[in-house]
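Notes follow the structure.
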There are 2 protein chains.
Amino acid sequence: MDEDKLKSMRHSLAHIMAQAVQHLWPEAKFGVGPAIDNGFYYDIDLGDTTISESDFKKIEKEMRSIINKDYEFTHRDVAIDEALAWAEETSQPYKTELLNDLKRSGTTVARELDGELLGTATDGESAVETVSLYSQGDYTDLCRGGHLSRTGEVGAFKLMRVAGAYWRGNENNPQMQRLYGVAFATKEELDAHLQMLEEAKKRDHRKLGKDLDLYTTSNLVGVGLPMFTPRGTILRDVLSGYSNQLRMAHGFQKVWTPHITKKDLYEASGHWAKFGDELFLVKSQETSDEMALKPMNCPHHTQIFASQPRSYKNMPVRFLETTTDYRDEKTGELGGLNRVRSLTQDDSHVFCRTDQIEAEIEGLMTAARTLYATIDMPLKVRLSYRDDGDGYLGDIELWKSAQQQLKSAVEASGLSYFEQEGEAAFYGPKIDFMATDAIGREHQVATVQLDFVQPDRFGLEYTDTEGNAVRPVMIHCALLGSIERFLSVFIEHTSGWFPFWAAPEQVRILTINDTVLEYVEEITTIISDTVLMSPLRYNEVRYTTDVRNESLGKKIREATSMKIPIQLIVGPQDKESRQVSVRTQSGETKVALADLAEYLKKCSL
Amino acid sequence: MDEDKLKSMRHSLAHIMAQAVQHLWPEAKFGVGPAIDNGFYYDIDLGDTTISESDFKKIEKEMRSIINKDYEFTHRDVAIDEALAWAEETSQPYKTELLNDLKRSGTTVARELDGELLGTATDGESAVETVSLYSQGDYTDLCRGGHLSRTGEVGAFKLMRVAGAYWRGNENNPQMQRLYGVAFATKEELDAHLQMLEEAKKRDHRKLGKDLDLYTTSNLVGVGLPMFTPRGTILRDVLSGYSNQLRMAHGFQKVWTPHITKKDLYEASGHWAKFGDELFLVKSQETSDEMALKPMNCPHHTQIFASQPRSYKNMPVRFLETTTDYRDEKTGELGGLNRVRSLTQDDSHVFCRTDQIEAEIEGLMTAARTLYATIDMPLKVRLSYRDDGDGYLGDIELWKSAQQQLKSAVEASGLSYFEQEGEAAFYGPKIDFMATDAIGREHQVATVQLDFVQPDRFGLEYTDTEGNAVRPVMIHCALLGSIERFLSVFIEHTSGWFPFWAAPEQVRILTINDTVLEYVEEITTIISDTVLMSPLRYNEVRYTTDVRNESLGKKIREATSMKIPIQLIVGPQDKESRQVSVRTQSGETKVALADLAEYLKKCSL
């Protein structure tokens with residue numbers, strides 16, 4: 001089933017669900033009911049009646065009955081006043097409100113409604129004259145269309161949950177009940193999706209973050225501002241360390257910039273006009289300085305580039321900085337690590353000559369591919385171009401040339417890619433990397449962005465062979481993106497069973513009894529001297545010992561619940577034979593003490 | 001000469017300088033003229049006449065003439081009205097103003113005047129009845145005293161500079177000329193001091209910071225917000241890396257916290273009431289959250305400690321975080337790295353049982369001593385206690401016990417120390433480490449602070465052997481303190497000749513001609529494989545090659561001006577004999593290629 005047909009099916013199920021609800025609760029007032037990713041929803045006002053999950057069975061049963069009757073979806077175009085009369089007759093006040101708004105200012109209202117465009121108005125038109133009504137059996141709805149022919153054609157579906165939703169997203173409006181369902185062409189696909197959701201729930205990084213003691217939050221500090229415990233901090237450090245290592249191999253050098261700046265910097269860059277109302281403002285009580293927390297690092301890095309004369313001989317100049325940016329997200333949108341107000345970027349900027357762009361991009365793409373291959377997440381690429389909108393800065397010819405160069409580099413890389421207009425940054429086109437996790441979900445991760453605008457706005461220059469001042473090109477790149485957000489993906493991708501090299505606690509030694517304590521010292525001496533060199537260099541093995549007087553069973557259960565990749569079980573027999581019993585996710589094996597260091601190094605490859 | 005006598009001598013020289021100025025410019029109006037560290041100054045109003053350095057010779061000549069006349073310093077106590085009549089007669093309006101203020105509210109005014117207390121009022125008294133007038137020869141001054149017996153007794157002195165200074169520090173008052181001099185008991189001491197100043201000027205970190213390309217500033221970003229170039233960032237990283245390494249050896253673990261917080265955190269800690277007006281406030285445009293940039297990290301770290309139940313078995317818990325704090329310093333006080341608004345702390349906090357305090361302090365003192373021995377700065381210790389003021393939080397008995405424990409630990413360390421009341425933090429007593437730099441200046445660097453207050457305010461607890469909830473003790477410690485300020489000291493201490501292990505560019509290879517290019521590749525392969533393990537572990541050798549077609553002399557000059565510790569000069573003869581010519585500050589030597597890696601490792605010890 002193609003995407004369009006799938007969407008029609010999901011939209012049709014929204015209408016069928018509304019019809020079933022109307023059969024069960026004839027007083028129901030309906031809002032809007034669009035198709036969404038993987039399913040559909042409908043906003044419903046039932047007055048004092050609350051729909052709960054225990055009602056899902058009877059709603060689904062009624063839906064199935066409607067499907068079995070195999071009604072035809074029919075439609076008719078009517079004048080807007082006729083539709084208003086219909087809404088009045090059928091006591092649907094929300095439809096009345098929508099129709100009145102459509103009558104007044106069609107396109108704006110239509111766009112507002114979550115993609116379900118109701119009118120036939122074209123862009124720029126301010127009022128809608130005719131609308132369409134869709135019916136199946138005894139149910140009629142105001143709708144722009146996009147349905148199957150008959151109710152019997154829908155595939156497999158399931159109601160999932162019900163949540164409160166303010167009418168038109170405005171908290172001053174009445175609260176309605178939003179009833180969600182998922183739907184797929186076949187029962188197999190639906191079951192696979194449900195199983196994925198089940199798996200995702202088990203892997204939820206908020207739960208694992210707590211269970212594995214990776215991060216915490218505090219009401220005193222505030223929402224969206226997670227704090228990382230020793231274990232979580234190790235994860236941050238090994239991941240960003242690896243990301244940096246991959247780029248330092250390409251000649252990047254670390255720099256350091258403060259987290260605040262006068263707003264002058266963003267007025268110069270153009271960010272102030274564009275994003276000024278999304279920034280955290282910083283108020284000095286001692287001076288009249290108008291300042292902000294940095295939401296990105298490029299403008300600061302331009303100032304280091306500009307701090308001394310640059311020659312063509314010394315280009316490219318490549319700066320790397322893992323630093324925390326702050327974005328004033330609405331608190332309602334915050335939760336876990338997925339969306340935070342303090343986001344640490346593994347950021348980098350290349351300042352280069354035009355003839356160096358392709359080689360630089362190739363170097364960065366190699367780094368991105370290596371990183372995501374290491375953590376076993378297949379990559380695909382989106383080439384994000386500008387559209388015809390007016391939010392972009394810079395010369396249109398430069399844009400075209402830049403988009404072409406990005407495309408060449410991506411084609412050379414052999415990665416699968418697709419192109420999308422309207423996804424560019426305001427200062428240039430970009431390559432966005434999408435990584436697929438272990439349960440099939442896609443996440444936007446790394447990014448490589450060309451920028452012809454900021455070098456111009458900051459008046460950056462280098463001298464060419466003739467001694468002339470020339471503008472450099474900037475290339476922005478982050479491999480992990482926001483480390484916090486990346487961690488939310490990484491925790492769920494691995495379900496907390498981090499690869500050996502990245503695990504906060506890599507090895508736990510579990511003793512069977514106290515007769516082996518001296519032998520354990522021999523083991524820890526070996527582990528202390530073991531330094532992993534791949535993929536992350538100078539990675540000292542992180543281990544603990546559990547020598548408590550507890551049963552081995554209890555010790556193993558605790559180590560397993562903390563998802564320690566390697567448990568070394570040490571008993572009198574191991575001591576006798578100068579070996580250790582190694583317990584990993586894939587089973588148990590014996591390793592001679594003399595081979596332990598090599599064994600651990602191999603685990604890291 | 002003891003400190004008191006030295007101070008009297010400097011104060012006497014202020015009067016002698018004023019007398020000389022009066023002889024040269026009889027219309028001079030005098031403000032105040034106290035003794036200060038190393039010398040003295042006097043604030044003088046000469047109307048439209050400007051004193052410049054070219055006048056110093058004649059002022060000094062007149063001062064010497066007064067000294068040679070060996071006048072006696074005499075004094076008489078007079079009623080304040082009599083003193084007012086004297087000031088009127090001699091046309092000294094600033095003295096008149098001071099006397100009128102003293103008459104009105106004695107002690108406050110007297111305290112205001114930079115340490116030169118004019119009246120005889122005692123604390124709490126609101127008016128002064130008698131004051132003293134001091135005379136030598138034809139000069140009389142309002143003065144509380146503290147002079148030598150005769151002008152002939154002063155030692156060696158020199159006028160240093162003249163600067164503008166608002167009367168009583170208020171920019172709405174007239175601007176006066178502040179004439180500075182230095183003075184010591186002997187000419188040898190004076191010469192040594194002048195030489196130290198000369199040396200300090202050459203070592204000025206603001207000049208070296210630019211010459212050696214270590215950091216930069218930008219008007220767009222703002223004052224007090226330095227940005228670090230690749231070279232400066234290496235310095236930051238090796239120093240903080242070493243500081244962390246020393247503490248991780250004592251069981252510290254890294255954590256990570258955001259740079260902002262709701263002000264609730266500081267209301268709970270007590271910082272808000274105490275320091276609220278020194279914070280940068282952060283304004284969310286999306287929410288009504290009242291937030292601030294963190295000026296210290298302890299409150300954040302308490303929240304990580306509190307994030308899970310703690311048992312006596314797992315104490316101490318030791319957190320380490322190198323992170324940037326923000327303090328809203330007045331911009332007039334900012335310059336270079338010495339005082340900044342973005343200060344990165346190598347901060348750490350121990351949460352421990354009372355019986356663990358001494359061992360923890362000893363571990364931290366060992367770390368501090370190792371670090372400052374490595375960078376060759378002798379340490380001495382100030383034990384900072386509370387005084388009778390009311391700015392301190394916490395039980396007085398806890399304070400006494402804590403102060404005693406700190407003293408025991410310091411005495412055990414064998415470091416020289418002194419005790420000072422009134423220098424404690426508001427939450428507890430502390431050990432401040434003072435390091436002496438290469439030209440004899442003392443700098444406050446590391447700090448270890450006990451804290452019985454914050455654990456209480458945040459309700460922190462662990463369970464003891466009986467299962468009872470017990471308050472832990474907190475120990476704050478930074479070894480470098482503010483990395484920015486430490487760098488200002490370190491750059492001047494080394495005059496930019498950083499020790500080999502810390503130098504941003506450790507080795508530069510200089511070729512004599514192009515016949516050695518293949519041989520240079522052999523050399524760089526060896527250097528690339530060399531990893532220093534002491535004092536900082538996993539420290540890859542940072543090198544560059546200079547193979548330009550320039551004269552060796554020019555290449556050496558450039559490498560020397562960048563203060564590269566090791567220059568490897570490579571010519572045909574070196575290639576022939578499989579060696580390199582090593583040029584360091586201490587001279588030139590030959591090293592066989594086969595010994596190069598070992599040679600470099602030895603340089604790092």
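Labeling convention for the structure tokens: chains A, B, ... as they appear, residues from 1 per chain, ligands from 1 in order of appearance.
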Check: which chain A residues lie within 6 Å of chain B using only C-alpha atoms, as number ranges by chain: A: 220-222, 227-230, 233, 253-257, 261-262, 264-265, 280-284, 286, 330
Resulting file, chosen residues, N, CA, C and O atoms, as a compact mmCIF listing (two decimals), in the first residue's frame:
```txt
# COMPACT_ATOMS: atom_id res chain seq x y z
N LEU A 220 14.38 21.97 42.03
CA LEU A 220 15.05 23.22 42.40
C LEU A 220 15.83 23.80 41.23
O LEU A 220 15.97 25.00 41.09
N VAL A 221 16.35 22.91 40.38
CA VAL A 221 17.14 23.36 39.22
C VAL A 221 16.23 23.70 38.05
O VAL A 221 16.44 24.69 37.35
N GLY A 222 15.18 22.87 37.86
CA GLY A 222 14.20 23.18 36.83
C GLY A 222 14.08 22.11 35.76
O GLY A 222 14.98 21.28 35.60
N MET A 227 20.90 16.67 35.08
CA MET A 227 22.26 16.63 35.63
C MET A 227 22.75 15.20 35.50
O MET A 227 21.99 14.26 35.74
N PHE A 228 24.01 15.04 35.14
CA PHE A 228 24.53 13.70 34.87
C PHE A 228 25.36 13.18 36.03
O PHE A 228 26.27 13.84 36.51
N THR A 229 25.01 11.99 36.46
CA THR A 229 25.71 11.28 37.53
C THR A 229 27.06 10.78 36.98
O THR A 229 27.32 10.90 35.80
N PRO A 230 27.91 10.22 37.85
CA PRO A 230 29.19 9.70 37.34
C PRO A 230 29.02 8.74 36.16
O PRO A 230 29.75 8.83 35.17
N THR A 233 27.96 10.68 33.07
CA THR A 233 29.03 11.56 32.62
C THR A 233 30.08 10.78 31.84
O THR A 233 30.65 11.28 30.87
N GLN A 253 41.02 21.29 15.64
CA GLN A 253 41.66 21.68 16.89
C GLN A 253 40.59 22.22 17.83
O GLN A 253 39.70 22.97 17.43
N LYS A 254 40.73 21.88 19.11
CA LYS A 254 39.74 22.35 20.08
C LYS A 254 39.89 23.84 20.37
O LYS A 254 41.01 24.34 20.47
N VAL A 255 38.77 24.51 20.54
CA VAL A 255 38.76 25.89 21.03
C VAL A 255 37.77 25.96 22.19
O VAL A 255 37.07 24.98 22.49
N TRP A 256 37.74 27.10 22.85
CA TRP A 256 36.83 27.26 23.99
C TRP A 256 36.20 28.65 23.94
O TRP A 256 36.91 29.64 23.79
N THR A 257 34.88 28.69 24.06
CA THR A 257 34.20 29.99 24.10
C THR A 257 33.21 30.02 25.27
O THR A 257 32.73 28.96 25.70
N THR A 261 27.05 35.95 25.62
CA THR A 261 27.59 36.98 24.72
C THR A 261 26.68 38.19 24.77
O THR A 261 25.50 38.08 25.12
N LYS A 262 27.23 39.33 24.43
CA LYS A 262 26.36 40.48 24.19
C LYS A 262 25.50 40.16 22.97
O LYS A 262 25.92 39.44 22.07
N ASP A 264 24.94 41.90 20.59
CA ASP A 264 25.59 42.46 19.40
C ASP A 264 26.09 41.36 18.46
O ASP A 264 26.03 41.50 17.24
N LEU A 265 26.59 40.27 19.05
CA LEU A 265 27.14 39.18 18.23
C LEU A 265 26.05 38.58 17.34
O LEU A 265 26.29 38.27 16.17
N PHE A 280 17.39 32.51 25.74
CA PHE A 280 17.41 32.93 27.14
C PHE A 280 18.17 34.25 27.21
O PHE A 280 19.33 34.33 26.78
N LEU A 281 17.53 35.27 27.73
CA LEU A 281 18.20 36.56 27.88
C LEU A 281 18.95 36.59 29.20
O LEU A 281 18.50 36.03 30.20
N VAL A 282 20.10 37.25 29.20
CA VAL A 282 20.92 37.34 30.40
C VAL A 282 20.99 38.79 30.82
O VAL A 282 21.31 39.67 30.02
N LYS A 283 20.66 39.03 32.09
CA LYS A 283 20.63 40.39 32.59
C LYS A 283 21.77 40.60 33.58
O LYS A 283 21.90 39.89 34.57
N SER A 284 22.62 41.55 33.27
CA SER A 284 23.67 41.96 34.18
C SER A 284 23.08 42.96 35.17
O SER A 284 22.38 43.88 34.79
N GLU A 286 25.09 44.60 37.19
CA GLU A 286 26.17 45.56 37.42
C GLU A 286 26.35 46.53 36.26
O GLU A 286 26.90 47.60 36.42
N LYS A 330 9.59 25.62 25.38
CA LYS A 330 8.42 25.65 26.25
C LYS A 330 8.51 24.46 27.20
O LYS A 330 8.82 23.34 26.78
```
Taking the DSSP secondary structure from the backbone, can you list the residues of region 176-206 of chain B that are strand (DSSP E or B), as a compact mmCIF listing (two decimals) with N, CA and C atoms, in the first residue's frame?
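Writing done, so here's states13.txt:
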```
# COMPACT_ATOMS: atom_id res chain seq x y z
N MET B 176 41.05 64.04 40.65
CA MET B 176 42.33 64.49 41.19
C MET B 176 43.43 63.70 40.49
N GLN B 177 44.68 64.05 40.81
CA GLN B 177 45.81 63.29 40.29
C GLN B 177 46.39 62.47 41.43
N ARG B 178 46.44 61.17 41.21
CA ARG B 178 47.00 60.29 42.25
C ARG B 178 48.44 59.96 41.88
N LEU B 179 49.34 60.42 42.75
CA LEU B 179 50.76 60.28 42.51
C LEU B 179 51.27 59.11 43.34
N TYR B 180 51.82 58.09 42.63
CA TYR B 180 52.25 56.86 43.30
C TYR B 180 53.76 56.80 43.45
N GLY B 181 54.22 56.28 44.59
CA GLY B 181 55.63 55.98 44.75
C GLY B 181 55.81 54.62 45.40
N VAL B 182 57.00 54.03 45.22
CA VAL B 182 57.34 52.80 45.96
C VAL B 182 58.47 53.14 46.92
N ALA B 183 58.55 52.38 48.01
CA ALA B 183 59.59 52.68 49.00
C ALA B 183 59.96 51.43 49.77
N PHE B 184 61.24 51.28 50.01
CA PHE B 184 61.76 50.13 50.77
C PHE B 184 62.84 50.62 51.73
```
Shell of 9 Å around region 438-440 of chain A, only C-alpha atoms, local chain residues under 5 positions omitted, as number ranges by chain: A: 196-197, 199-200, 376-377, 492-495
Contacts of Ser135 (chain B) within 8 Å, only C-alpha atoms, excl. fewer than 6 positions in-chain, as number ranges by chain: B: 72-75, 141
Secondary structure check, helix (DSSP H, G or I) residues of region 144-289 of chain A, as a ChimeraX atom specification: /A:151-153,167-169,187-203,205-211,230-248,264-269,271-278
Interatomic distance, CA of Cys603 (chain B) to CA of Glu518 (chain B) (Å, one decimal): 25.6 Å
Distance of CA of Asp529 (chain A) from CA of Val516 (chain A), expressed in Å to one decimal place: 20.3 Å
Nearby residues (only C-alpha atoms) at most 7 Å from region 479-484 of chain B, same-chain spacing under 5 positions excluded, as an MDAnalysis selection string: chainID B and resid 236 243 337:338 343:346 368 445:447
Suppose we keep N, CA and C atoms; can you now write the selection as a PDB file, in the first residue's frame?
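Output (part-v3.pdb):
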```pdb
ATOM      1  N   ARG B 236      44.464  25.015  28.697  1.00  0.00           N
ATOM      2  CA  ARG B 236      43.332  24.762  29.594  1.00  0.00           C
ATOM      3  C   ARG B 236      43.160  23.263  29.822  1.00  0.00           C
ATOM      4  N   SER B 243      44.912  18.354  36.883  1.00  0.00           N
ATOM      5  CA  SER B 243      44.213  18.583  38.149  1.00  0.00           C
ATOM      6  C   SER B 243      43.175  17.483  38.404  1.00  0.00           C
ATOM      7  N   LEU B 337      43.024  37.907  31.824  1.00  0.00           N
ATOM      8  CA  LEU B 337      42.421  36.685  32.360  1.00  0.00           C
ATOM      9  C   LEU B 337      42.311  36.731  33.875  1.00  0.00           C
ATOM     10  N   ASN B 338      42.837  37.797  34.454  1.00  0.00           N
ATOM     11  CA  ASN B 338      42.942  37.842  35.903  1.00  0.00           C
ATOM     12  C   ASN B 338      41.583  37.948  36.560  1.00  0.00           C
ATOM     13  N   LEU B 343      34.286  32.212  34.515  1.00  0.00           N
ATOM     14  CA  LEU B 343      35.424  31.577  35.173  1.00  0.00           C
ATOM     15  C   LEU B 343      35.194  30.084  35.294  1.00  0.00           C
ATOM     16  N   THR B 344      36.124  29.336  34.724  1.00  0.00           N
ATOM     17  CA  THR B 344      36.002  27.891  34.700  1.00  0.00           C
ATOM     18  C   THR B 344      36.696  27.321  35.931  1.00  0.00           C
ATOM     19  N   GLN B 345      35.946  26.599  36.740  1.00  0.00           N
ATOM     20  CA  GLN B 345      36.498  26.056  37.972  1.00  0.00           C
ATOM     21  C   GLN B 345      36.812  24.576  37.810  1.00  0.00           C
ATOM     22  N   ASP B 346      37.948  24.147  38.332  1.00  0.00           N
ATOM     23  CA  ASP B 346      38.220  22.704  38.425  1.00  0.00           C
ATOM     24  C   ASP B 346      37.690  22.274  39.793  1.00  0.00           C
ATOM     25  N   ALA B 368      47.108  18.924  45.907  1.00  0.00           N
ATOM     26  CA  ALA B 368      47.527  20.319  45.723  1.00  0.00           C
ATOM     27  C   ALA B 368      49.054  20.442  45.749  1.00  0.00           C
ATOM     28  N   VAL B 445      45.623  30.440  45.185  1.00  0.00           N
ATOM     29  CA  VAL B 445      45.289  29.480  44.138  1.00  0.00           C
ATOM     30  C   VAL B 445      44.280  28.431  44.632  1.00  0.00           C
ATOM     31  N   ALA B 446      44.759  27.299  45.063  1.00  0.00           N
ATOM     32  CA  ALA B 446      43.857  26.222  45.461  1.00  0.00           C
ATOM     33  C   ALA B 446      43.113  26.554  46.756  1.00  0.00           C
ATOM     34  N   THR B 447      42.013  25.835  46.982  1.00  0.00           N
ATOM     35  CA  THR B 447      41.254  26.032  48.210  1.00  0.00           C
ATOM     36  C   THR B 447      40.568  24.720  48.611  1.00  0.00           C
TER      37      THR B 447
END
```
